[in-house]
>>> print(open('upload09.txt').read())   # compact mmCIF, C-alpha atoms and all ligand atoms
# COMPACT_ATOMS: atom_id res chain seq x y z
CA MET A 1 11.67 -17.56 1.88
CA GLN A 2 13.65 -14.30 1.89
CA PRO A 3 11.73 -11.32 3.29
CA LEU A 4 10.13 -9.38 0.45
CA SER A 5 10.29 -5.63 0.15
CA SER A 6 7.01 -3.74 -0.09
CA LYS A 7 6.27 -1.35 -2.92
CA LEU A 8 4.41 0.81 -0.39
CA PRO A 9 6.48 0.24 2.75
CA ASN A 10 4.80 2.83 4.95
CA GLN A 11 1.24 2.00 3.99
CA GLY A 12 -1.14 0.71 6.66
CA VAL A 13 -4.82 -0.17 6.36
CA THR A 14 -6.89 2.76 5.01
CA ILE A 15 -8.52 5.03 7.56
CA PHE A 16 -11.93 4.30 5.99
CA SER A 17 -11.69 0.58 6.71
CA THR A 18 -10.27 1.26 10.17
CA MET A 19 -13.03 3.66 11.21
CA THR A 20 -15.88 1.60 9.79
CA ALA A 21 -14.53 -1.42 11.70
CA LEU A 22 -14.41 0.74 14.86
CA ALA A 23 -18.04 1.81 14.35
CA GLN A 24 -19.07 -1.83 13.93
CA ARG A 25 -17.13 -2.94 16.99
CA LEU A 26 -18.67 -0.21 19.18
CA ASN A 27 -22.07 -0.33 17.51
CA ALA A 28 -21.66 3.42 17.03
CA ILE A 29 -23.19 5.76 14.43
CA ASN A 30 -20.85 5.60 11.46
CA LEU A 31 -20.32 9.07 9.98
CA SER A 32 -16.78 8.15 8.93
CA GLN A 33 -16.44 6.30 5.60
CA GLY A 34 -18.46 8.03 2.89
CA PHE A 35 -21.49 5.92 1.99
CA PRO A 36 -25.28 6.35 2.28
CA ASP A 37 -27.21 4.43 4.95
CA PHE A 38 -30.55 4.91 3.18
CA ALA A 39 -32.29 2.72 0.63
CA THR A 40 -31.26 2.52 -3.01
CA PRO A 41 -34.04 3.74 -5.35
CA ASP A 42 -36.52 0.90 -6.00
CA ALA A 43 -36.42 1.45 -9.74
CA LEU A 44 -32.67 0.97 -9.76
CA ILE A 45 -32.91 -2.28 -7.80
CA GLU A 46 -35.62 -3.43 -10.22
CA ALA A 47 -33.42 -2.52 -13.17
CA LEU A 48 -30.58 -4.61 -11.70
CA CYS A 49 -32.88 -7.61 -11.17
CA ASP A 50 -34.25 -7.19 -14.70
CA ALA A 51 -30.75 -7.04 -16.13
CA THR A 52 -29.63 -10.25 -14.45
CA ARG A 53 -32.90 -12.05 -15.35
CA ALA A 54 -32.59 -10.89 -18.94
CA GLY A 55 -29.23 -12.65 -19.10
CA PHE A 56 -26.74 -9.77 -18.78
CA ASN A 57 -24.44 -11.91 -16.71
CA GLN A 58 -21.35 -12.36 -18.84
CA TYR A 59 -18.43 -10.05 -19.66
CA VAL A 60 -19.42 -6.69 -21.04
CA SER A 61 -17.18 -4.92 -23.57
CA GLY A 62 -13.92 -3.95 -21.86
CA ASP A 63 -14.68 -0.29 -22.55
CA GLY A 64 -18.10 -0.57 -20.90
CA TRP A 65 -21.76 -0.96 -21.85
CA LEU A 66 -22.24 1.45 -24.74
CA PRO A 67 -25.66 2.80 -23.61
CA LEU A 68 -24.10 3.76 -20.28
CA ARG A 69 -21.25 5.51 -22.05
CA GLU A 70 -23.91 7.33 -24.07
CA GLN A 71 -25.51 8.51 -20.83
CA VAL A 72 -22.14 9.96 -19.81
CA VAL A 73 -21.98 11.71 -23.20
CA GLN A 74 -25.40 13.25 -22.59
CA GLN A 75 -24.46 14.42 -19.13
CA PHE A 76 -21.38 16.27 -20.38
CA GLU A 77 -23.28 17.65 -23.36
CA GLN A 78 -26.01 19.12 -21.18
CA ARG A 79 -23.78 20.50 -18.45
CA ASP A 80 -20.56 21.43 -20.22
CA GLN A 81 -21.68 21.79 -23.83
CA VAL A 82 -18.98 19.36 -24.86
CA ARG A 83 -19.61 16.47 -27.24
CA LEU A 84 -17.68 13.32 -26.33
CA ASP A 85 -17.11 10.27 -28.49
CA PRO A 86 -18.41 7.31 -26.44
CA VAL A 87 -16.29 4.81 -28.36
CA HIS A 88 -12.88 6.44 -28.09
CA GLU A 89 -13.17 8.79 -25.13
CA ILE A 90 -15.08 6.96 -22.38
CA THR A 91 -14.37 3.79 -20.41
CA ILE A 92 -16.70 2.44 -17.73
CA THR A 93 -14.65 1.09 -14.82
CA PRO A 94 -15.36 -0.80 -11.60
CA GLY A 95 -15.34 2.40 -9.54
CA ALA A 96 -13.39 5.63 -9.70
CA THR A 97 -10.46 4.26 -7.68
CA ILE A 98 -9.28 1.89 -10.41
CA ALA A 99 -9.79 4.63 -13.01
CA ILE A 100 -7.50 6.92 -11.01
CA PHE A 101 -4.99 4.11 -10.57
CA ALA A 102 -4.98 3.14 -14.26
CA ALA A 103 -4.72 6.75 -15.46
CA ILE A 104 -1.67 7.28 -13.27
CA GLN A 105 -0.02 3.98 -14.31
CA ALA A 106 -0.72 4.87 -17.95
CA VAL A 107 1.27 8.10 -18.06
CA ILE A 108 3.57 8.35 -15.04
CA HIS A 109 7.08 7.01 -15.49
CA THR A 110 9.94 6.60 -13.02
CA GLY A 111 10.95 9.96 -11.58
CA ASP A 112 7.94 11.90 -12.91
CA GLU A 113 6.56 14.36 -10.38
CA VAL A 114 2.85 14.64 -9.68
CA VAL A 115 1.36 17.62 -7.84
CA ILE A 116 -1.20 16.61 -5.21
CA PHE A 117 -3.12 19.11 -3.10
CA ASP A 118 -3.43 18.08 0.54
CA PRO A 119 -5.80 17.28 2.15
CA SER A 120 -5.98 14.67 -0.60
CA TYR A 121 -7.94 11.49 -1.18
CA ASP A 122 -5.88 8.59 0.07
CA SER A 123 -5.45 6.66 -3.18
CA TYR A 124 -3.57 9.31 -5.21
CA ALA A 125 -0.10 9.20 -3.68
CA PRO A 126 0.18 5.38 -3.44
CA ALA A 127 -0.84 5.09 -7.10
CA VAL A 128 1.87 7.58 -8.07
CA ARG A 129 4.48 5.69 -6.04
CA VAL A 130 3.55 2.32 -7.54
CA ALA A 131 4.11 3.90 -10.98
CA GLY A 132 7.60 4.99 -9.85
CA GLY A 133 6.55 8.63 -9.72
CA ILE A 134 7.14 11.18 -6.98
CA PRO A 135 4.12 12.78 -5.27
CA VAL A 136 4.69 16.49 -4.61
CA HIS A 137 2.25 17.45 -1.86
CA LEU A 138 1.14 21.06 -1.60
CA ALA A 139 -0.90 21.89 1.49
CA LEU A 140 -4.22 23.72 1.36
CA THR A 141 -4.91 25.40 4.66
CA ALA A 142 -8.01 26.07 6.75
CA PRO A 143 -10.40 27.73 6.76
CA ASP A 144 -10.96 28.10 3.01
CA PHE A 145 -8.58 25.43 1.60
CA ARG A 146 -7.91 27.31 -1.63
CA VAL A 147 -4.97 26.64 -3.96
CA ASP A 148 -2.02 29.02 -3.68
CA TRP A 149 -1.15 29.31 -7.37
CA GLN A 150 2.18 31.00 -6.73
CA GLN A 151 3.17 27.99 -4.63
CA VAL A 152 2.11 25.66 -7.46
CA GLN A 153 4.14 27.66 -9.97
CA ASP A 154 7.17 27.52 -7.64
CA ASN A 155 6.93 23.72 -7.38
CA ILE A 156 6.77 22.98 -11.09
CA ASN A 157 9.97 21.90 -12.78
CA ALA A 158 11.09 19.86 -15.80
CA ARG A 159 10.09 16.59 -14.09
CA THR A 160 6.52 17.68 -13.30
CA ARG A 161 4.16 15.56 -15.39
CA MET A 162 0.71 15.72 -13.80
CA ILE A 163 -1.53 17.75 -11.50
CA ILE A 164 -4.33 15.98 -9.65
CA VAL A 165 -7.49 18.03 -9.15
CA ASN A 166 -10.41 17.05 -6.93
CA THR A 167 -13.50 19.22 -7.18
CA PRO A 168 -15.91 19.13 -5.34
CA HIS A 169 -13.25 18.34 -2.79
CA ASN A 170 -13.14 15.45 -0.35
CA PRO A 171 -12.84 16.18 2.61
CA THR A 172 -13.42 19.97 2.66
CA GLY A 173 -16.27 20.37 0.15
CA THR A 174 -14.58 23.29 -1.65
CA LEU A 175 -15.22 23.79 -5.34
CA TRP A 176 -12.76 25.07 -7.88
CA THR A 177 -13.66 28.50 -9.24
CA LEU A 178 -13.22 29.66 -12.84
CA ASP A 179 -10.18 31.53 -11.61
CA ASP A 180 -8.62 28.28 -10.32
CA TRP A 181 -9.22 26.59 -13.64
CA HIS A 182 -7.69 29.49 -15.58
CA HIS A 183 -4.55 29.34 -13.46
CA LEU A 184 -4.36 25.61 -14.09
CA ILE A 185 -4.85 26.02 -17.83
CA GLU A 186 -2.01 28.52 -18.01
CA LEU A 187 0.39 26.24 -16.12
CA ALA A 188 -0.69 23.07 -17.89
CA GLU A 189 -0.10 24.62 -21.30
CA LYS A 190 3.16 26.29 -20.36
CA HIS A 191 4.65 23.11 -18.84
CA ASP A 192 2.82 20.53 -20.96
CA LEU A 193 1.17 18.88 -17.94
CA ILE A 194 -1.43 16.15 -17.78
CA VAL A 195 -4.47 16.85 -15.58
CA LEU A 196 -6.20 14.10 -13.62
CA SER A 197 -9.50 15.54 -12.44
CA ASP A 198 -11.34 13.52 -9.82
CA GLU A 199 -14.96 14.68 -10.08
CA VAL A 200 -16.76 11.89 -8.24
CA TYR A 201 -18.93 14.42 -6.37
CA GLU A 202 -19.81 16.32 -9.57
CA HIS A 203 -23.56 16.35 -8.81
CA LEU A 204 -23.33 17.01 -5.07
CA VAL A 205 -23.12 20.79 -5.20
CA PHE A 206 -25.06 23.22 -2.98
CA ASP A 207 -26.22 26.82 -2.57
CA GLY A 208 -26.39 27.55 -6.29
CA HIS A 209 -22.68 26.87 -6.81
CA HIS A 210 -21.62 25.40 -10.14
CA HIS A 211 -19.33 22.45 -10.76
CA TYR A 212 -16.90 23.03 -13.62
CA SER A 213 -15.47 19.85 -15.10
CA ALA A 214 -11.99 19.95 -16.60
CA LEU A 215 -13.76 19.01 -19.85
CA HIS A 216 -15.64 22.29 -19.78
CA PHE A 217 -12.40 23.97 -20.93
CA SER A 218 -11.53 23.17 -24.53
CA THR A 219 -7.83 23.75 -23.88
CA LEU A 220 -7.80 21.03 -21.20
CA ARG A 221 -9.59 18.37 -23.21
CA GLU A 222 -6.59 16.84 -24.90
CA ARG A 223 -4.53 16.70 -21.70
CA SER A 224 -7.10 15.60 -19.07
CA PHE A 225 -8.42 12.45 -17.53
CA VAL A 226 -11.78 13.04 -15.83
CA VAL A 227 -13.00 10.43 -13.37
CA GLY A 228 -16.56 9.96 -12.04
CA SER A 229 -18.42 7.47 -9.84
CA PHE A 230 -21.95 6.17 -10.35
CA GLY A 231 -21.63 4.86 -6.80
CA LYS A 232 -21.83 8.40 -5.38
CA THR A 233 -24.44 9.69 -7.78
CA PHE A 234 -26.90 6.79 -7.46
CA HIS A 235 -26.39 5.87 -3.77
CA VAL A 236 -24.73 2.55 -4.65
CA THR A 237 -21.11 2.82 -3.54
CA GLY A 238 -20.99 -0.98 -3.24
CA TRP A 239 -21.74 -1.42 -6.94
CA LYS A 240 -18.26 -0.02 -7.61
CA THR A 241 -19.05 1.43 -11.02
CA GLY A 242 -17.40 4.57 -12.33
CA TYR A 243 -16.00 6.07 -15.50
CA CYS A 244 -12.97 7.68 -17.05
CA VAL A 245 -13.15 10.24 -19.86
CA ALA A 246 -10.06 11.28 -21.81
CA SER A 247 -9.02 12.35 -25.29
CA PRO A 248 -8.50 9.44 -27.73
CA MET A 249 -4.72 9.66 -27.30
CA LEU A 250 -4.86 9.49 -23.49
CA MET A 251 -7.68 6.95 -23.53
CA LYS A 252 -5.60 4.61 -25.68
CA LEU A 253 -2.82 4.69 -23.08
CA PHE A 254 -5.38 4.29 -20.28
CA ARG A 255 -6.96 1.20 -21.85
CA GLN A 256 -3.59 -0.45 -22.42
CA ILE A 257 -3.21 -0.56 -18.63
CA TYR A 258 -6.83 -0.91 -17.57
CA GLN A 259 -7.53 -3.97 -19.74
CA TYR A 260 -4.97 -5.92 -17.69
CA ALA A 261 -5.90 -4.40 -14.34
CA ASN A 262 -9.54 -5.41 -14.65
CA PHE A 263 -10.55 -6.05 -18.25
CA CYS A 264 -14.16 -4.92 -17.72
CA GLY A 265 -16.62 -3.80 -15.06
CA ASN A 266 -19.74 -5.45 -13.70
CA THR A 267 -22.23 -6.10 -16.51
CA PRO A 268 -25.68 -6.05 -14.83
CA ALA A 269 -24.80 -2.92 -12.82
CA GLN A 270 -23.90 -1.10 -16.04
CA VAL A 271 -27.07 -2.22 -17.82
CA ALA A 272 -29.20 -1.23 -14.82
CA LEU A 273 -27.57 2.18 -14.44
CA SER A 274 -28.03 3.01 -18.13
CA GLN A 275 -31.73 2.08 -17.95
CA TYR A 276 -32.30 4.01 -14.76
CA MET A 277 -30.52 7.09 -16.09
CA GLN A 278 -32.66 7.03 -19.24
CA GLN A 279 -35.87 6.65 -17.28
CA HIS A 280 -35.08 8.92 -14.35
CA PRO A 281 -33.23 12.04 -15.48
CA GLU A 282 -34.66 13.80 -12.43
CA HIS A 283 -32.40 11.74 -10.15
CA ILE A 284 -29.34 13.77 -11.10
CA GLN A 285 -31.25 17.05 -11.37
CA GLU A 286 -32.50 16.71 -7.80
CA LEU A 287 -29.35 15.36 -6.23
CA GLY A 288 -27.90 18.73 -5.18
CA SER A 289 -31.02 19.77 -3.28
CA PHE A 290 -31.44 16.25 -1.86
CA TYR A 291 -28.00 16.39 -0.25
CA GLN A 292 -28.22 20.08 0.60
CA ALA A 293 -31.25 19.27 2.78
CA LYS A 294 -29.19 16.60 4.57
CA ARG A 295 -26.30 19.00 5.06
CA ASP A 296 -28.69 21.61 6.49
CA LEU A 297 -30.33 19.14 8.85
CA PHE A 298 -26.94 17.96 10.08
CA ASN A 299 -25.56 21.47 10.47
CA GLN A 300 -28.73 22.66 12.17
CA GLY A 301 -28.29 19.87 14.71
CA LEU A 302 -24.62 20.80 15.13
CA THR A 303 -25.44 24.41 16.00
CA GLN A 304 -26.48 23.02 19.40
CA SER A 305 -22.92 21.71 19.85
CA ARG A 306 -19.53 23.31 20.43
CA PHE A 307 -18.20 22.24 17.01
CA LYS A 308 -17.40 25.16 14.68
CA PHE A 309 -17.81 24.92 10.92
CA GLN A 310 -18.43 26.68 7.62
CA PRO A 311 -21.22 24.91 5.72
CA THR A 312 -19.68 22.69 3.06
CA HIS A 313 -20.36 23.66 -0.59
CA GLY A 314 -20.31 20.16 -2.05
CA THR A 315 -19.71 16.39 -1.49
CA TYR A 316 -21.37 14.60 1.39
CA PHE A 317 -18.85 15.66 3.95
CA GLN A 318 -18.86 18.36 6.61
CA THR A 319 -15.54 19.24 8.20
CA VAL A 320 -15.70 20.70 11.72
CA ASP A 321 -13.30 22.27 14.20
CA TYR A 322 -13.38 20.79 17.71
CA THR A 323 -10.99 23.22 19.43
CA ALA A 324 -13.72 24.36 21.82
CA ILE A 325 -14.28 20.79 23.01
CA ARG A 326 -10.97 18.93 23.43
CA PRO A 327 -8.04 21.05 22.17
CA ASP A 328 -5.70 18.69 24.04
CA LEU A 329 -6.50 15.77 21.70
CA ASN A 330 -5.08 15.36 18.22
CA ASP A 331 -7.66 14.57 15.54
CA LEU A 332 -7.20 10.79 15.60
CA GLU A 333 -7.49 10.78 19.39
CA MET A 334 -10.59 12.97 19.06
CA CYS A 335 -12.19 10.44 16.70
CA TYR A 336 -11.55 7.63 19.19
CA PHE A 337 -12.85 9.82 22.01
CA LEU A 338 -16.08 10.58 20.13
CA ALA A 339 -16.54 6.96 19.15
CA GLU A 340 -15.94 5.56 22.61
CA GLN A 341 -17.65 8.24 24.71
CA TYR A 342 -20.47 9.42 22.43
CA GLY A 343 -20.95 6.62 19.91
CA VAL A 344 -20.30 8.67 16.76
CA VAL A 345 -17.42 7.88 14.40
CA ALA A 346 -15.69 10.48 12.20
CA ILE A 347 -12.54 10.71 10.07
CA PRO A 348 -9.51 12.71 11.24
CA LEU A 349 -8.32 15.25 8.66
CA SER A 350 -4.61 14.65 9.27
CA VAL A 351 -4.77 11.36 7.32
CA PHE A 352 -5.32 13.40 4.15
CA TYR A 353 -2.00 15.21 4.59
CA GLN A 354 1.52 13.97 3.89
CA GLN A 355 2.80 16.28 6.63
CA PRO A 356 -0.09 17.07 8.92
CA ASP A 357 0.07 20.12 11.13
CA PRO A 358 0.15 18.73 14.70
CA GLU A 359 -2.09 21.64 15.73
CA LEU A 360 -4.83 20.60 13.28
CA ARG A 361 -8.11 20.22 15.15
CA LEU A 362 -10.42 19.16 12.32
CA ILE A 363 -12.50 16.05 11.71
CA ARG A 364 -14.86 15.04 8.90
CA PHE A 365 -18.44 13.79 9.18
CA CYS A 366 -20.40 12.13 6.37
CA PHE A 367 -24.02 13.31 6.20
CA ALA A 368 -25.18 10.88 3.47
CA LYS A 369 -27.53 9.42 6.07
CA THR A 370 -31.22 9.16 6.94
CA GLU A 371 -32.85 12.00 8.86
CA GLN A 372 -33.06 9.74 11.89
CA THR A 373 -29.34 8.92 11.80
CA LEU A 374 -28.48 12.61 11.45
CA LYS A 375 -30.77 13.60 14.31
CA ASP A 376 -29.42 10.85 16.59
CA ALA A 377 -25.84 11.74 15.73
CA THR A 378 -26.20 15.48 16.30
CA GLN A 379 -28.03 14.89 19.56
CA ARG A 380 -25.05 12.86 20.78
CA LEU A 381 -22.56 15.37 19.41
CA SER A 382 -24.35 18.21 21.20
CA GLN A 383 -23.56 16.60 24.52
CA CYS A 384 -19.80 16.71 24.17
N1 LIG B 1 -12.26 9.94 -5.26
C1 LIG B 1 -12.77 10.52 -4.17
C2 LIG B 1 -12.45 11.94 -3.88
C3 LIG B 1 -13.57 9.80 -3.31
O1 LIG B 1 -14.07 10.38 -2.22
C4 LIG B 1 -13.86 8.46 -3.62
C5 LIG B 1 -14.71 7.75 -2.65
N2 LIG B 1 -15.07 6.76 -2.53
C6 LIG B 1 -13.31 7.89 -4.78
C7 LIG B 1 -12.50 8.66 -5.57
C8 LIG B 1 -13.54 6.46 -5.16
O2 LIG B 1 -14.76 6.20 -5.74
P1 LIG B 1 -15.24 4.71 -6.07
O3 LIG B 1 -15.92 4.19 -4.86
O4 LIG B 1 -16.16 4.85 -7.24
O5 LIG B 1 -14.02 3.91 -6.40
N1 LIG B 2 -14.46 7.88 -0.55
C1 LIG B 2 -14.88 7.38 0.71
C2 LIG B 2 -14.55 8.39 1.79
O1 LIG B 2 -13.85 9.35 1.57
C3 LIG B 2 -14.26 6.08 1.09
C4 LIG B 2 -14.06 5.05 0.07
C5 LIG B 2 -13.15 3.99 0.61
O2 LIG B 2 -13.40 3.44 1.66
N2 LIG B 2 -12.08 3.75 -0.06
O3 LIG B 2 -14.99 8.21 2.87
>>> encode(input="upload09.txt", output="structure tokens")
Amino acid sequence: MQPLSSKLPNQGVTIFSTMTALAQRLNAINLSQGFPDFATPDALIEALCDATRAGFNQYVSGDGWLPLREQVVQQFEQRDQVRLDPVHEITITPGATIAIFAAIQAVIHTGDEVVIFDPSYDSYAPAVRVAGGIPVHLALTAPDFRVDWQQVQDNINARTRMIIVNTPHNPTGTLWTLDDWHHLIELAEKHDLIVLSDEVYEHLVFDGHHHYSALHFSTLRERSFVVGSFGKTFHVTGWKTGYCVASPMLMKLFRQIYQYANFCGNTPAQVALSQYMQQHPEHIQELGSFYQAKRDLFNQGLTQSRFKFQPTHGTYFQTVDYTAIRPDLNDLEMCYFLAEQYGVVAIPLSVFYQQPDPELRLIRFCFAKTEQTLKDATQRLSQC
């Protein structure tokens, strides 16, 4: 057979798979890939068992289990005072990743440019390239990682079609302010841009900060895809259940692609999540303080170390500077050093950049872990 050409020729295995495999090989504490190591709520497990026993084991509607879509409606109504139509504006998907992928395939054509802020989640740029689009990476820089709106303006041209937003932001935990959103609204209207807003950490917000969804802004509603993940919110990343919200016009385009990428998500998981959300509204209400306590415990432990950091405002990630420890190592080398010498695995920040600064000395830890894991990890990290 003739050699085949790859659609993503420079793509290796994702850093998350690589680092989790490293942690397993070394039997190290895995603070790399973002997932909780603590138990799923009993009531949610029960709801899943009930759903399968009750016979919810066949295909669900391609657009998702309606009661779960109604829960999404309620969430946006309470937080953003926006009333969504669950039939035409919401699709439940097997995770946020496929929602992001399908949204991009739905509207990006050959040669369209898509603005991506680096550090960026690793799935955005490959999805744009598969669609034939051109990712335009704009770097956010330490320590505050805020968008330079003049730079965005300067990089918009007639081919620009979409801007990808991620707030709360993986890996830095920054949140978009009202000012950021107003800049975006102005540019999106002026240049007729589509917004893809990745809000998977929407409920993991600390210190009294507020998460603004793109849907909060009436002017963005018709031109935005908003993506969420029940996996993050309910401590079940392995259930791979998420959602996409968009105006009826965008949702129609989305479903044309999505129905052939996956057809529908997992039925019992959707039934269980809708039941649990109805019965336990406190889960979401308490999530910010639940994770803030974990962040504080982790950061408290880190104050004994030589890592430097600003407490993260959201997500379950804390980014730290290791210049005082091993400035001679680049961030990937530092992650291997920590894993091999101290038994703690992290994620290097350079993998989130198209053109990483070789002087970057930042790594990311995930603190979605039990108290014991966090204590053990910070004890080890304090020794280096
Ligand atoms: N976006 C961001 C920013 C993420 O961190 C993740 C993490 N997993 C995803 C999307 C994908 O979510 P899911 O697991 O629901 O596909
Ligand atoms: N979102 C998770 C992280 O940033 C990883 C998910 C994945 O492995 N694709 O760690």
>>> residues_near_ligand(input="upload09.txt", ligand="ligand LIG 2 (chain B)", cutoff="6 Å", atoms="all atoms listed in the file", output="PyMOL selection string")
chain A and resi 16+33-34
>>> residues_around(input="upload09.txt", residues="Leu175 (chain A)", least_positions_apart="5", cutoff="12 Å", atoms="all atoms listed in the file", output="PyMOL selection string")
chain A and resi 144-147+165-170+180-181+198-199+201-213+312-315
>>> residues_near_ligand(input="upload09.txt", ligand="ligand LIG 1 (chain B)", cutoff="7 Å", atoms="all atoms listed in the file", output="number ranges by chain")
A: 34, 95-98, 121, 166, 169-170, 198, 200, 229-232, 237, 240-242
>>> closest_residue(input="upload09.txt", among="A:Val136, A:Met162, A:Leu360, A:Val114", to="Thr323 (chain A)", atoms="all atoms listed in the file")
A:Leu360
>>> closest_residue(input="upload09.txt", among="A:Leu374, A:Leu22, A:Ile92, A:Val130", to="Leu8 (chain A)", atoms="only C-alpha atoms")
A:Val130
>>> residues_around(input="upload09.txt", residues="Ile15 (chain A)", least_positions_apart="5", cutoff="12 Å", atoms="only C-alpha atoms", output="short mmCIF file (atom, residue, chain, number, x, y, z; two decimals) with C-alpha atoms, in the coordinates of the input")
data_model
loop_
_atom_site.label_atom_id
_atom_site.label_comp_id
_atom_site.auth_asym_id
_atom_site.auth_seq_id
_atom_site.Cartn_x
_atom_site.Cartn_y
_atom_site.Cartn_z
CA THR A 20 -15.88 1.60 9.79
CA ALA A 21 -14.53 -1.42 11.70
CA LEU A 22 -14.41 0.74 14.86
CA SER A 32 -16.78 8.15 8.93
CA GLN A 33 -16.44 6.30 5.60
CA GLY A 34 -18.46 8.03 2.89
CA TYR A 121 -7.94 11.49 -1.18
CA ASP A 122 -5.88 8.59 0.07
CA SER A 123 -5.45 6.66 -3.18
CA LEU A 332 -7.20 10.79 15.60
CA CYS A 335 -12.19 10.44 16.70
CA VAL A 345 -17.42 7.88 14.40
CA ALA A 346 -15.69 10.48 12.20
CA ILE A 347 -12.54 10.71 10.07
CA PRO A 348 -9.51 12.71 11.24
CA LEU A 349 -8.32 15.25 8.66
CA SER A 350 -4.61 14.65 9.27
CA VAL A 351 -4.77 11.36 7.32
CA PHE A 352 -5.32 13.40 4.15
CA ARG A 364 -14.86 15.04 8.90
#
>>> axis_aligned_box(input="upload09.txt", around="region 72-89 of chain A", padding_each_side="4 Å", output="lines of an AutoDock Vina configuration file")
center_x = -19.4
center_y = 13.3
center_z = -23.5
size_x = 21.1
size_y = 25.0
size_z = 18.0
>>> closest_residue(input="upload09.txt", among="A:Leu220, A:Cys384, A:Val245, A:Leu26", to="Asp85 (chain A)", atoms="all atoms listed in the file")
A:Val245
>>> closest_atom_pairs(input="upload09.txt", of="region 239-333 of chain A", to="region 45-49 of chain A", cutoff="7 Å", atoms="all atoms listed in the file", output="CSV")
residue,atom,partner,partner_atom,distance
A:Pro268,CA,A:Leu48,CA,6.0
A:Ala269,CA,A:Leu48,CA,6.1
A:Ala272,CA,A:Ala47,CA,4.7
A:Gln275,CA,A:Ala47,CA,6.8
A:Tyr276,CA,A:Ala47,CA,6.8
>>> closest_residue(input="upload09.txt", among="A:Glu286, A:Asp50, A:Asp179, A:Glu222", to="Asp192 (chain A)", atoms="all atoms listed in the file")
A:Glu222
>>> atom_distance(input="upload09.txt", atom1="CA of Val60 (chain A)", atom2="CA of Ser274 (chain A)")
13.3 Å
>>> atom_distance(input="upload09.txt", atom1="CA of Cys366 (chain A)", atom2="CA of Tyr316 (chain A)")
5.6 Å
>>> atom_distance(input="upload09.txt", atom1="CA of Leu362 (chain A)", atom2="CA of Met19 (chain A)")
15.8 Å
>>> closest_residue(input="upload09.txt", among="A:Ala293, A:Ile156, A:Val227, A:Val271", to="Thr52 (chain A)", atoms="all atoms listed in the file")
A:Val271
>>> closest_residue(input="upload09.txt", among="A:Asn266, A:Ile29, A:Phe254, A:Ala139", to="Gln379 (chain A)", atoms="all atoms listed in the file")
A:Ile29
>>> residues_around(input="upload09.txt", residues="Asp37 (chain A)", least_positions_apart="3", cutoff="10 Å", atoms="all atoms listed in the file", output="number ranges by chain")
A: 30-31, 34, 40, 235, 367-370, 373
>>> residues_around(input="upload09.txt", residues="Gly343 (chain A)", least_positions_apart="6", cutoff="10 Å", atoms="all atoms listed in the file", output="list in words")
Ala23, Leu26, Asn27, Ala28, Ile29, Asn30, Tyr336, Phe337, Ala377, Arg380 and Leu381 of chain A
